[in-house]
file upload-v5.txt (compact mmCIF, C-alpha atoms and all ligand atoms)
# COMPACT_ATOMS: atom_id res chain seq x y z
CA MET I 1 61.67 82.48 113.06
CA VAL I 2 65.01 81.14 111.83
CA LYS I 3 67.83 83.51 112.54
CA LEU I 4 70.89 83.59 110.35
CA SER I 5 74.25 83.35 112.06
CA GLN I 6 76.00 86.62 112.90
CA ARG I 7 78.69 85.61 110.47
CA VAL I 8 76.31 85.35 107.53
CA GLN I 9 74.38 88.44 108.56
CA GLY I 10 77.66 90.30 108.23
CA ILE I 11 78.21 89.34 104.59
CA SER I 12 77.20 92.04 102.16
CA GLU I 13 75.02 91.37 99.18
CA SER I 14 76.51 92.45 95.90
CA VAL I 15 75.29 95.70 94.27
CA THR I 16 76.09 94.02 90.97
CA LEU I 17 73.23 91.58 91.38
CA LYS I 18 70.76 94.43 91.81
CA LEU I 19 72.08 96.16 88.73
CA ASN I 20 72.01 93.00 86.65
CA ALA I 21 68.41 92.35 87.69
CA LYS I 22 67.49 95.85 86.54
CA ALA I 23 69.35 95.40 83.23
CA GLN I 24 67.43 92.20 82.64
CA ALA I 25 64.07 93.78 83.54
CA LEU I 26 64.71 96.66 81.08
CA SER I 27 65.73 94.21 78.41
CA GLU I 28 62.53 92.20 78.95
CA GLU I 29 60.54 95.43 78.53
CA GLY I 30 62.04 95.59 75.05
CA LYS I 31 64.63 98.31 75.77
CA GLN I 32 68.05 98.11 74.12
CA VAL I 33 70.54 97.36 76.91
CA TYR I 34 74.31 97.33 76.46
CA ASN I 35 75.53 95.00 79.15
CA LEU I 36 79.17 95.62 80.07
CA THR I 37 79.03 93.81 83.40
CA ALA I 38 80.42 90.43 82.25
CA GLY I 39 83.09 88.80 84.38
CA GLN I 40 83.65 86.04 81.84
CA LEU I 41 84.69 85.55 78.23
CA PRO I 42 81.67 84.96 75.97
CA PHE I 43 83.42 82.25 73.96
CA ARG I 44 83.44 78.45 73.92
CA PRO I 45 86.49 76.83 75.53
CA ILE I 46 89.20 75.41 73.31
CA GLN I 47 87.87 72.45 71.30
CA ASP I 48 90.65 70.09 72.47
CA PHE I 49 89.46 70.50 76.03
CA SER I 50 85.80 69.86 75.13
CA ASN I 51 86.91 66.74 73.24
CA LEU I 52 88.81 65.48 76.29
CA ILE I 53 85.76 66.02 78.50
CA ALA I 54 83.69 63.95 76.04
CA LYS I 55 86.32 61.21 76.01
CA GLU I 56 86.45 60.98 79.79
CA LEU I 57 82.69 60.39 79.91
CA ASP I 58 83.41 56.73 79.10
CA PHE I 59 85.22 56.07 82.37
CA LEU I 60 83.68 55.12 85.69
CA LYS I 61 86.38 57.08 87.55
CA SER I 62 85.07 60.31 86.01
CA TYR I 63 81.86 59.86 88.01
CA GLN I 64 83.41 58.89 91.34
CA TYR I 65 85.04 60.79 94.20
CA SER I 66 88.53 62.04 93.50
CA PRO I 67 91.16 62.26 96.25
CA VAL I 68 90.31 65.39 98.30
CA PRO I 69 93.19 67.62 97.08
CA GLY I 70 92.79 66.36 93.48
CA PHE I 71 94.20 63.47 91.43
CA PRO I 72 97.95 63.21 92.15
CA GLU I 73 98.80 63.18 88.42
CA LEU I 74 96.88 66.43 87.91
CA ARG I 75 98.43 68.09 90.96
CA LYS I 76 101.89 67.26 89.69
CA LYS I 77 100.99 68.61 86.26
CA LEU I 78 99.62 71.85 87.73
CA VAL I 79 102.79 72.41 89.77
CA GLU I 80 104.85 71.90 86.59
CA HIS I 81 102.53 74.20 84.64
CA ILE I 82 103.03 76.99 87.17
CA GLU I 83 106.80 76.42 87.19
CA LYS I 84 106.96 76.58 83.41
CA THR I 85 104.70 79.60 82.88
CA ARG I 86 106.15 81.63 85.79
CA SER I 87 109.76 80.57 85.07
CA ILE I 88 110.42 79.23 88.54
CA SER I 89 111.64 75.98 90.05
CA PHE I 90 110.36 74.96 93.46
CA GLU I 91 113.05 72.30 93.63
CA LYS I 92 115.83 74.82 93.02
CA ALA I 93 114.27 77.07 95.64
CA GLY I 94 114.42 74.09 98.03
CA ILE I 95 110.69 74.29 98.75
CA GLU I 96 108.37 71.32 98.84
CA VAL I 97 105.01 72.34 97.43
CA ASP I 98 101.73 70.70 96.56
CA ALA I 99 98.53 71.73 94.81
CA VAL I 100 94.98 71.57 96.10
CA VAL I 101 92.34 71.53 93.39
CA GLY I 102 88.97 73.03 94.33
CA ASN I 103 85.68 74.03 92.75
CA GLY I 104 87.00 77.22 91.20
CA GLY I 105 89.49 79.86 92.23
CA LYS I 106 86.88 81.33 94.57
CA HIS I 107 86.59 78.05 96.43
CA VAL I 108 90.34 77.61 96.89
CA LEU I 109 90.64 81.23 98.03
CA ALA I 110 87.85 80.73 100.59
CA ASN I 111 89.68 77.60 101.79
CA LEU I 112 92.93 79.52 102.08
CA PHE I 113 91.43 82.39 104.07
CA SER I 114 89.77 79.91 106.44
CA ALA I 115 92.93 77.88 106.78
CA LEU I 116 95.21 80.85 107.48
CA VAL I 117 93.21 83.55 109.27
CA ASP I 118 92.50 83.56 113.01
CA PRO I 119 90.09 86.02 114.64
CA ASP I 120 91.51 89.57 114.61
CA ASP I 121 94.28 88.70 112.20
CA GLU I 122 94.74 91.42 109.62
CA VAL I 123 94.58 90.91 105.87
CA VAL I 124 95.99 93.67 103.69
CA LEU I 125 94.18 94.33 100.42
CA MET I 126 95.14 96.71 97.65
CA ALA I 127 92.22 98.70 96.28
CA PRO I 128 90.68 98.31 93.86
CA TYR I 129 90.37 94.67 94.89
CA TRP I 130 88.17 91.75 93.99
CA ILE I 131 84.95 91.86 95.99
CA SER I 132 85.17 88.46 97.68
CA TYR I 133 88.47 88.98 99.55
CA THR I 134 86.74 91.25 102.08
CA GLU I 135 83.86 88.86 102.70
CA MET I 136 86.14 85.81 102.93
CA THR I 137 88.29 87.63 105.49
CA LYS I 138 85.21 88.58 107.52
CA LEU I 139 83.92 84.99 107.43
CA ALA I 140 87.23 83.81 108.82
CA GLY I 141 86.96 86.39 111.63
CA GLY I 142 89.77 88.55 110.27
CA VAL I 143 89.97 92.27 109.66
CA THR I 144 90.83 93.90 106.32
CA LYS I 145 93.24 96.78 105.96
CA VAL I 146 93.06 98.60 102.64
CA VAL I 147 95.71 100.35 100.59
CA GLU I 148 94.06 102.98 98.40
CA ALA I 149 95.06 103.72 94.80
CA ASN I 150 93.57 106.03 92.20
CA VAL I 151 93.25 106.65 88.49
CA PHE I 152 96.18 109.12 88.46
CA ASP I 153 98.45 106.20 89.39
CA ALA I 154 96.56 103.95 86.93
CA PHE I 155 95.39 102.11 90.06
CA VAL I 156 98.85 100.91 90.99
CA PRO I 157 99.07 100.85 94.79
CA SER I 158 101.87 102.72 96.51
CA LEU I 159 104.22 100.49 98.46
CA GLU I 160 104.74 103.22 101.04
CA LYS I 161 101.03 103.17 101.72
CA LEU I 162 101.17 99.39 101.82
CA GLU I 163 103.85 99.49 104.49
CA GLN I 164 101.74 101.90 106.53
CA GLN I 165 99.08 99.18 106.75
CA MET I 166 101.48 96.53 108.04
CA THR I 167 101.22 95.84 111.78
CA SER I 168 102.19 93.05 114.16
CA LYS I 169 98.74 91.55 113.44
CA THR I 170 99.22 91.34 109.68
CA LYS I 171 98.77 87.75 108.58
CA ILE I 172 98.32 87.97 104.82
CA VAL I 173 98.92 90.40 101.99
CA VAL I 174 96.74 89.71 98.97
CA LEU I 175 98.07 90.48 95.53
CA ASN I 176 95.92 90.28 92.42
CA SER I 177 97.92 91.01 89.31
CA PRO I 178 96.49 91.11 86.59
CA ASN I 179 93.82 92.89 88.52
CA ASN I 180 90.07 92.70 88.62
CA PRO I 181 88.64 95.42 88.34
CA SER I 182 91.38 97.76 87.05
CA GLY I 183 92.61 95.65 84.11
CA ILE I 184 96.29 96.33 84.73
CA HIS I 185 99.17 94.32 86.16
CA TYR I 186 101.95 95.65 88.33
CA SER I 187 105.38 96.25 86.75
CA LYS I 188 108.56 94.24 87.30
CA GLU I 189 109.99 97.18 89.27
CA TRP I 190 106.93 97.30 91.48
CA MET I 191 107.24 93.54 92.08
CA GLU I 192 110.90 93.95 93.00
CA SER I 193 110.07 96.62 95.60
CA PHE I 194 107.20 94.48 96.85
CA ALA I 195 109.62 91.56 97.34
CA GLN I 196 112.00 93.80 99.31
CA LEU I 197 109.13 94.95 101.49
CA MET I 198 107.90 91.42 102.14
CA LYS I 199 111.39 90.38 103.23
CA LYS I 200 111.04 92.83 106.08
CA TYR I 201 107.96 90.93 107.32
CA PRO I 202 108.94 87.25 107.54
CA GLU I 203 105.77 86.24 109.42
CA VAL I 204 103.45 87.46 106.68
CA SER I 205 102.01 85.14 104.01
CA ILE I 206 101.25 86.28 100.48
CA ILE I 207 98.27 85.15 98.45
CA SER I 208 98.99 85.80 94.79
CA ASP I 209 95.73 85.55 92.89
CA GLU I 210 96.90 84.99 89.31
CA ILE I 211 93.63 83.88 87.77
CA TYR I 212 94.07 86.36 84.85
CA PHE I 213 97.75 85.50 84.31
CA HIS I 214 97.36 84.43 80.66
CA LEU I 215 95.16 87.33 79.66
CA ASN I 216 97.57 90.17 78.99
CA TYR I 217 97.11 91.90 75.66
CA PHE I 218 99.85 94.52 75.94
CA ASP I 219 103.47 93.77 76.80
CA PRO I 220 105.23 93.24 79.10
CA ALA I 221 103.64 90.07 80.41
CA PRO I 222 102.86 89.89 84.14
CA SER I 223 105.83 89.18 86.38
CA TYR I 224 105.92 88.26 90.05
CA PHE I 225 107.88 89.15 93.20
CA TYR I 226 108.97 85.55 93.77
CA GLN I 227 110.68 85.14 90.39
CA ASP I 228 113.84 86.96 91.51
CA HIS I 229 113.34 86.08 95.18
CA PRO I 230 112.36 82.40 95.22
CA GLU I 231 112.85 82.19 98.99
CA LEU I 232 109.51 84.06 99.26
CA LEU I 233 107.79 81.01 97.79
CA GLU I 234 108.06 79.52 101.27
CA ARG I 235 105.12 81.68 102.30
CA THR I 236 103.42 82.34 98.95
CA PHE I 237 100.17 80.79 97.74
CA ILE I 238 99.68 80.96 93.98
CA VAL I 239 96.06 80.74 92.89
CA ASP I 240 95.01 80.00 89.32
CA GLY I 241 92.24 78.13 87.50
CA ILE I 242 90.53 77.49 84.19
CA SER I 243 87.66 80.00 84.48
CA LYS I 244 89.36 82.87 82.73
CA SER I 245 92.19 81.36 80.67
CA LEU I 246 90.07 78.54 79.21
CA ALA I 247 86.80 80.50 79.23
CA ALA I 248 85.28 77.84 81.47
CA THR I 249 83.70 79.66 84.43
CA GLY I 250 80.89 77.13 84.74
CA LEU I 251 83.11 74.06 84.94
CA ARG I 252 84.40 75.16 88.36
CA VAL I 253 88.05 74.20 88.58
CA GLY I 254 90.63 76.27 90.41
CA TYR I 255 93.77 75.43 92.31
CA VAL I 256 96.31 76.73 94.75
CA ILE I 257 99.98 75.86 94.95
CA GLY I 258 101.81 76.41 98.20
CA PRO I 259 104.07 74.86 100.83
CA LYS I 260 103.22 71.19 101.31
CA ASP I 261 102.51 71.30 105.05
CA VAL I 262 100.00 74.14 104.67
CA MET I 263 98.39 72.42 101.69
CA LYS I 264 97.74 69.43 103.95
CA GLY I 265 95.70 71.71 106.23
CA VAL I 266 93.84 73.23 103.30
CA SER I 267 93.05 69.74 102.06
CA ARG I 268 91.82 68.71 105.52
CA LEU I 269 89.44 71.65 105.48
CA GLN I 270 88.23 70.86 101.96
CA GLY I 271 87.75 67.22 102.97
CA GLN I 272 85.21 68.22 105.62
CA THR I 273 83.42 70.87 103.59
CA ALA I 274 83.44 69.89 99.91
CA SER I 275 85.51 66.74 99.17
CA GLY I 276 87.48 66.53 95.94
CA ALA I 277 86.59 68.76 92.97
CA ASN I 278 84.70 67.55 89.91
CA SER I 279 86.38 64.29 88.80
CA LEU I 280 85.37 64.54 85.15
CA MET I 281 86.97 67.97 84.74
CA GLN I 282 90.08 66.94 86.61
CA ARG I 283 90.54 63.90 84.39
CA ALA I 284 90.05 65.96 81.22
CA LEU I 285 92.64 68.47 82.49
CA MET I 286 95.04 65.64 83.24
CA SER I 287 95.36 64.99 79.47
CA PHE I 288 95.07 68.63 78.37
CA ASP I 289 98.06 70.27 76.77
CA PHE I 290 98.29 73.60 78.63
CA ASP I 291 100.70 74.88 75.97
CA LYS I 292 97.69 75.28 73.70
CA THR I 293 96.24 77.99 75.96
CA GLN I 294 98.26 80.79 74.38
CA GLU I 295 97.23 79.88 70.85
CA TYR I 296 93.59 79.73 71.95
CA LEU I 297 93.78 83.12 73.62
CA GLU I 298 95.52 84.94 70.75
CA PRO I 299 92.35 86.10 68.87
CA ILE I 300 90.70 86.92 72.19
CA LYS I 301 93.63 89.14 73.13
CA ILE I 302 93.40 90.93 69.76
CA HIS I 303 89.74 91.56 70.46
CA LEU I 304 90.49 92.98 73.94
CA ARG I 305 93.27 95.16 72.51
CA ASP I 306 90.92 96.51 69.82
CA ASN I 307 88.24 97.34 72.37
CA SER I 308 90.77 99.03 74.63
CA ARG I 309 91.72 101.21 71.62
CA ILE I 310 88.08 102.05 70.97
CA LEU I 311 87.81 103.11 74.60
CA ARG I 312 90.93 105.27 74.32
CA GLU I 313 89.67 107.00 71.14
CA LYS I 314 86.18 107.65 72.48
CA PHE I 315 87.52 109.03 75.75
CA ARG I 316 89.92 111.25 73.81
CA GLU I 317 87.12 112.57 71.61
CA GLY I 318 85.04 113.24 74.73
CA GLN I 319 88.01 115.02 76.36
CA LEU I 320 88.08 112.52 79.15
CA ASN I 321 91.87 112.07 78.97
CA SER I 322 92.28 112.84 82.66
CA ILE I 323 90.42 109.67 83.64
CA TRP I 324 91.82 107.45 80.92
CA TYR I 325 94.65 105.01 81.60
CA GLN I 326 95.98 102.17 79.48
CA THR I 327 94.64 98.78 80.49
CA GLN I 328 96.81 95.80 79.59
CA SER I 329 95.38 92.61 81.08
CA ALA I 330 92.31 90.78 82.40
CA PHE I 331 89.28 92.26 80.61
CA TYR I 332 88.14 95.28 82.58
CA TYR I 333 88.47 99.04 82.80
CA LEU I 334 87.60 101.13 85.85
CA VAL I 335 85.81 104.40 85.04
CA ASP I 336 86.47 107.16 87.56
CA PHE I 337 83.41 109.40 87.79
CA SER I 338 84.92 111.83 90.24
CA GLY I 339 86.67 114.02 87.65
CA THR I 340 83.72 114.15 85.22
CA PRO I 341 80.73 116.51 84.83
CA VAL I 342 78.28 113.72 85.76
CA MET I 343 79.51 113.92 89.35
CA GLU I 344 78.13 117.44 89.69
CA LYS I 345 74.60 116.09 89.31
CA PHE I 346 75.07 114.06 92.47
CA ARG I 347 77.43 115.98 94.73
CA LYS I 348 75.63 118.21 97.21
CA ASN I 349 78.59 120.59 97.55
CA ALA I 350 82.32 120.78 96.80
CA SER I 351 83.32 118.90 99.95
CA ASP I 352 80.78 116.10 99.47
CA ASP I 353 82.87 112.93 99.12
CA LYS I 354 80.03 110.43 99.48
CA ASP I 355 80.08 107.41 97.18
CA TYR I 356 77.42 107.82 94.47
CA ALA I 357 78.62 104.98 92.22
CA ALA I 358 75.46 102.86 92.58
CA ASP I 359 73.17 105.85 91.84
CA ILE I 360 75.30 106.93 88.91
CA CYS I 361 75.26 103.42 87.41
CA GLU I 362 71.50 103.23 87.86
CA LEU I 363 71.01 106.51 86.02
CA LEU I 364 73.36 105.42 83.24
CA LEU I 365 71.34 102.26 82.80
CA GLU I 366 67.96 103.99 82.91
CA GLU I 367 68.80 106.89 80.60
CA TYR I 368 71.48 105.52 78.29
CA GLY I 369 70.84 101.76 78.45
CA VAL I 370 74.42 100.91 79.52
CA ALA I 371 75.03 98.53 82.43
CA ILE I 372 78.36 98.72 84.27
CA VAL I 373 79.28 97.58 87.78
CA PRO I 374 79.58 100.14 90.63
CA GLY I 375 83.10 100.19 92.06
CA SER I 376 81.85 100.48 95.66
CA ASP I 377 82.27 96.75 96.31
CA PHE I 378 85.77 96.85 94.86
CA GLY I 379 86.87 99.41 97.44
CA ALA I 380 86.82 102.12 94.77
CA PRO I 381 84.12 104.71 95.51
CA ASN I 382 82.70 106.81 92.65
CA THR I 383 84.02 104.43 90.02
CA ALA I 384 82.53 101.61 87.98
CA ARG I 385 83.92 98.58 86.21
CA LEU I 386 83.19 97.94 82.58
CA SER I 387 83.99 94.81 80.62
CA LEU I 388 85.99 94.86 77.38
CA VAL I 389 84.61 91.55 76.11
CA PRO I 390 81.45 92.50 74.11
CA PRO I 391 81.53 92.44 70.28
CA LYS I 392 83.21 95.53 68.79
CA GLU I 393 80.13 97.30 67.35
CA GLN I 394 78.14 96.83 70.54
CA PHE I 395 81.09 97.90 72.66
CA SER I 396 81.71 100.98 70.53
CA GLU I 397 78.08 102.10 70.76
CA ALA I 398 78.03 101.48 74.54
CA ILE I 399 81.18 103.58 75.03
CA SER I 400 79.78 106.42 72.90
CA ARG I 401 76.74 106.44 75.17
CA LEU I 402 78.89 106.28 78.28
CA VAL I 403 80.96 109.25 77.09
CA ASP I 404 77.77 111.24 76.36
CA PHE I 405 76.54 110.42 79.84
CA LEU I 406 79.80 111.34 81.55
CA THR I 407 80.18 114.63 79.73
CA ALA I 408 76.55 115.86 79.66
CA LYS I 409 76.33 119.13 81.55
C1 LIG I 501 90.35 88.25 90.88
C2 LIG I 501 89.56 87.00 90.84
N1 LIG I 501 89.97 85.95 91.57
C3 LIG I 501 89.31 84.80 91.58
C4 LIG I 501 88.16 84.64 90.83
C5 LIG I 501 87.45 83.32 90.94
O1 LIG I 501 87.27 82.68 89.76
P1 LIG I 501 86.65 81.19 89.69
O2 LIG I 501 86.06 80.89 91.01
O3 LIG I 501 85.63 81.25 88.61
O4 LIG I 501 87.80 80.30 89.36
C6 LIG I 501 87.67 85.70 90.06
C7 LIG I 501 86.43 85.59 89.31
O5 LIG I 501 85.83 86.52 88.84
C8 LIG I 501 88.40 86.91 90.06
O6 LIG I 501 88.00 87.95 89.32
call {"tool": "encode", "arguments": {"input": "upload-v5.txt", "output": "structure tokens"}}
result
Amino acid sequence: MVKLSQRVQGISESVTLKLNAKAQALSEEGKQVYNLTAGQLPFRPIQDFSNLIAKELDFLKSYQYSPVPGFPELRKKLVEHIEKTRSISFEKAGIEVDAVVGNGGKHVLANLFSALVDPDDEVVLMAPYWISYTEMTKLAGGVTKVVEANVFDAFVPSLEKLEQQMTSKTKIVVLNSPNNPSGIHYSKEWMESFAQLMKKYPEVSIISDEIYFHLNYFDPAPSYFYQDHPELLERTFIVDGISKSLAATGLRVGYVIGPKDVMKGVSRLQGQTASGANSLMQRALMSFDFDKTQEYLEPIKIHLRDNSRILREKFREGQLNSIWYQTQSAFYYLVDFSGTPVMEKFRKNASDDKDYAADICELLLEEYGVAIVPGSDFGAPNTARLSLVPPKEQFSEAISRLVDFLTAK
């Protein structure tokens, strides 16, 4: 009998997969299912990019190994792209950086965790957080420390609570703004206080997962702690990619920008585990005009804004104002079940604080045909993530059903 390594045995399997399988089975039985689980935009990427991919098919280099960290021309372009869109200058900050291009943001994040975390090192996460940070930390032998947030604060983590999690073992603080699953980004003031806090901990690195950077549909646009404190870039790793902003999840390109010496280590790791990322995609990106991203995203942002308004109206009609908060970026909303009548069907007594999110989502799917993702994996018990991307009519009907479900006595 083949035994899996302890490390892999320790990785949890996603509840989302189970739920998606059930949604599919119901759909195959002919039931109407409103699937709000999507973690991707259901649109084709910008035509210019598709054209560039087609053009690069004519070149032998597109089929051959790329340098492990990515083609130098692309890396330079990505560094400039980040400087331009985040209004920073690495040169002015006196920091030598480089990019490492990997097979998606997830891949570069996994590389980063492996490259930075030693056994027993602590990684501070702010709940609700993206599922994979916990598993990547575990795989690297590290320990996660979690800062809780709740719907009353619109899921903005308290910096006091963050400081309470900092210890002499803290190696990394992970920031994900715009955030999956809450669909908000942290304010400029919050970022300023975060910068001040990080200055007190000079040994701590910051991973800033900015994969949803371009997807804000309500002002102000996301801002970052390093913009007014560029010296923090010395220990900051900015992660971005094309999955979300170019609606290209399947093409698998992501990248990290960070101090050059650390990037060498990350590249060494990638060289022994994956080699360079997809050459064809890298070459197409090399000629792509990133300035076109905003224009491409404009109608998508209008769509997300409209759906967020539908959500607000339906929650208001259902008198669910206490669990409503304004989303502004990425394409998610986190429903908090704990203040709604549906919770009473599950709670055994008033002091029962068990997490029923998976059971609640299962019932919602079975009885109302709406699939959303339990928040348990996101470090947010008794919540669920829904996606704002479906077409308006479908989305509206799904939210009406969700409201009926949440408010049924
Ligand atoms: C917060 C966050 N970071 C990173 C990723 C990774 O994206 P990809 O590997 O598709 O680039 C995702 C994908 O869902 C995400 O939500």
call {"tool": "residues_near_point", "arguments": {"input": "upload-v5.txt", "point": "(78.8, 84.5, 113.3)", "cutoff": "12 Å", "atoms": "only C-alpha atoms", "output": "NGL selection string"}}
result
:I and (3-11 or 119 or 138-141)
call {"tool": "closest_atom_pairs", "arguments": {"input": "upload-v5.txt", "of": "range 134-239 of chain I", "to": "range 82-86 of chain I", "cutoff": "10 Å", "atoms": "only C-alpha atoms", "output": "JSON lines"}}
result
{"residue": "I:Phe213", "atom": "CA", "partner": "I:Thr85", "partner_atom": "CA", "distance": 9.2}
{"residue": "I:His214", "atom": "CA", "partner": "I:Thr85", "partner_atom": "CA", "distance": 9.1}
{"residue": "I:Pro222", "atom": "CA", "partner": "I:Arg86", "partner_atom": "CA", "distance": 9.0}
{"residue": "I:Ser223", "atom": "CA", "partner": "I:Arg86", "partner_atom": "CA", "distance": 7.6}
{"residue": "I:Tyr224", "atom": "CA", "partner": "I:Arg86", "partner_atom": "CA", "distance": 7.9}
{"residue": "I:Tyr226", "atom": "CA", "partner": "I:Arg86", "partner_atom": "CA", "distance": 9.3}
{"residue": "I:Gln227", "atom": "CA", "partner": "I:Arg86", "partner_atom": "CA", "distance": 7.3}
{"residue": "I:Ile238", "atom": "CA", "partner": "I:Ile82", "partner_atom": "CA", "distance": 8.6}
{"residue": "I:Val239", "atom": "CA", "partner": "I:Ile82", "partner_atom": "CA", "distance": 9.8}
call {"tool": "write_last_selection", "arguments": {"input": "upload-v5.txt", "atoms": "C-alpha atoms", "output": "compact mmCIF listing (two decimals), in the frame of the given file"}}
result
# COMPACT_ATOMS: atom_id res chain seq x y z
CA PHE I 213 97.75 85.50 84.31
CA HIS I 214 97.36 84.43 80.66
CA PRO I 222 102.86 89.89 84.14
CA SER I 223 105.83 89.18 86.38
CA TYR I 224 105.92 88.26 90.05
CA TYR I 226 108.97 85.55 93.77
CA GLN I 227 110.68 85.14 90.39
CA ILE I 238 99.68 80.96 93.98
CA VAL I 239 96.06 80.74 92.89
call {"tool": "closest_atom_pairs", "arguments": {"input": "upload-v5.txt", "of": "chain I", "to": "ligand LIG 501 (chain I)", "cutoff": "6 Å", "atoms": "all atoms listed in the file", "output": "JSON lines"}}
result
{"residue": "I:Gly39", "atom": "CA", "partner": "I:LIG501", "partner_atom": "O5", "distance": 5.7}
{"residue": "I:Gly104", "atom": "CA", "partner": "I:LIG501", "partner_atom": "O4", "distance": 3.7}
{"residue": "I:Gly105", "atom": "CA", "partner": "I:LIG501", "partner_atom": "O4", "distance": 3.4}
{"residue": "I:Lys106", "atom": "CA", "partner": "I:LIG501", "partner_atom": "O2", "distance": 3.7}
{"residue": "I:Trp130", "atom": "CA", "partner": "I:LIG501", "partner_atom": "C1", "distance": 5.2}
{"residue": "I:Asn180", "atom": "CA", "partner": "I:LIG501", "partner_atom": "C1", "distance": 5.0}
{"residue": "I:Asp209", "atom": "CA", "partner": "I:LIG501", "partner_atom": "N1", "distance": 5.9}
{"residue": "I:Ile211", "atom": "CA", "partner": "I:LIG501", "partner_atom": "N1", "distance": 5.7}
{"residue": "I:Gly241", "atom": "CA", "partner": "I:LIG501", "partner_atom": "O4", "distance": 5.3}
{"residue": "I:Ser243", "atom": "CA", "partner": "I:LIG501", "partner_atom": "O3", "distance": 4.8}
{"residue": "I:Thr249", "atom": "CA", "partner": "I:LIG501", "partner_atom": "O3", "distance": 4.9}
{"residue": "I:Gly254", "atom": "CA", "partner": "I:LIG501", "partner_atom": "O4", "distance": 5.0}
call {"tool": "write_last_selection", "arguments": {"input": "upload-v5.txt", "atoms": "C-alpha atoms", "output": "PDB file, keeping the file's coordinate frame"}}
result
ATOM      1  CA  GLY I  39      83.090  88.800  84.380  1.00  0.00           C
ATOM      2  CA  GLY I 104      87.000  77.220  91.200  1.00  0.00           C
ATOM      3  CA  GLY I 105      89.490  79.860  92.230  1.00  0.00           C
ATOM      4  CA  LYS I 106      86.880  81.330  94.570  1.00  0.00           C
ATOM      5  CA  TRP I 130      88.170  91.750  93.990  1.00  0.00           C
ATOM      6  CA  ASN I 180      90.070  92.700  88.620  1.00  0.00           C
ATOM      7  CA  ASP I 209      95.730  85.550  92.890  1.00  0.00           C
ATOM      8  CA  ILE I 211      93.630  83.880  87.770  1.00  0.00           C
ATOM      9  CA  GLY I 241      92.240  78.130  87.500  1.00  0.00           C
ATOM     10  CA  SER I 243      87.660  80.000  84.480  1.00  0.00           C
ATOM     11  CA  THR I 249      83.700  79.660  84.430  1.00  0.00           C
ATOM     12  CA  GLY I 254      90.630  76.270  90.410  1.00  0.00           C
TER      13      GLY I 254
END
call {"tool": "closest_residue", "arguments": {"input": "upload-v5.txt", "among": "I:Leu159, I:Val342, I:Val68, I:Leu334", "to": "Phe378 in chain I", "atoms": "all atoms listed in the file"}}
result
I:Leu334
call {"tool": "closest_atom_pairs", "arguments": {"input": "upload-v5.txt", "of": "range 239-346 of chain I", "to": "range 360-372 of chain I", "cutoff": "9 Å", "atoms": "only C-alpha atoms", "output": "tab-separated table"}}
result
residue	atom	partner	partner_atom	distance
I:Phe337	CA	I:Ile360	CA	8.6
I:Val342	CA	I:Ile360	CA	8.1
I:Met343	CA	I:Ile360	CA	8.2
I:Phe346	CA	I:Ile360	CA	8.0
call {"tool": "closest_residue", "arguments": {"input": "upload-v5.txt", "among": "I:Thr407, I:Thr170, I:Ser338, I:Asn216", "to": "Ala384 in chain I", "atoms": "all atoms listed in the file"}}
result
I:Ser338
call {"tool": "atom_distance", "arguments": {"input": "upload-v5.txt", "atom1": "CA of Lys31 in chain I", "atom2": "CA of Ser387 in chain I"}}
result
20.3 Å
call {"tool": "residues_around", "arguments": {"input": "upload-v5.txt", "residues": "Lys354 in chain I", "least_positions_apart": "5", "cutoff": "9 Å", "atoms": "all atoms listed in the file", "output": "list in words"}}
result
Arg347, Pro381 and Asn382 of chain I
call {"tool": "closest_residue", "arguments": {"input": "upload-v5.txt", "among": "I:Pro259, I:Gly102, I:Pro181, I:Pro157", "to": "Arg235 in chain I", "atoms": "only C-alpha atoms"}}
result
I:Pro259
call {"tool": "closest_residue", "arguments": {"input": "upload-v5.txt", "among": "I:Val97, I:Leu251, I:Val123, I:Val117", "to": "Phe237 in chain I", "atoms": "only C-alpha atoms"}}
result
I:Val97
call {"tool": "residues_around", "arguments": {"input": "upload-v5.txt", "residues": "Tyr65 in chain I", "least_positions_apart": "5", "cutoff": "9 Å", "atoms": "all atoms listed in the file", "output": "ChimeraX atom specification"}}
result
/I:275-279
call {"tool": "write_last_selection", "arguments": {"input": "upload-v5.txt", "atoms": "C-alpha atoms", "output": "PDB file, in the coordinates of the input"}}
result
ATOM      1  CA  SER I 275      85.510  66.740  99.170  1.00  0.00           C
ATOM      2  CA  GLY I 276      87.480  66.530  95.940  1.00  0.00           C
ATOM      3  CA  ALA I 277      86.590  68.760  92.970  1.00  0.00           C
ATOM      4  CA  ASN I 278      84.700  67.550  89.910  1.00  0.00           C
ATOM      5  CA  SER I 279      86.380  64.290  88.800  1.00  0.00           C
TER       6      SER I 279
END
call {"tool": "closest_residue", "arguments": {"input": "upload-v5.txt", "among": "I:Ser193, I:Ser27, I:Asn176, I:Thr144", "to": "Leu109 in chain I", "atoms": "all atoms listed in the file"}}
result
I:Asn176
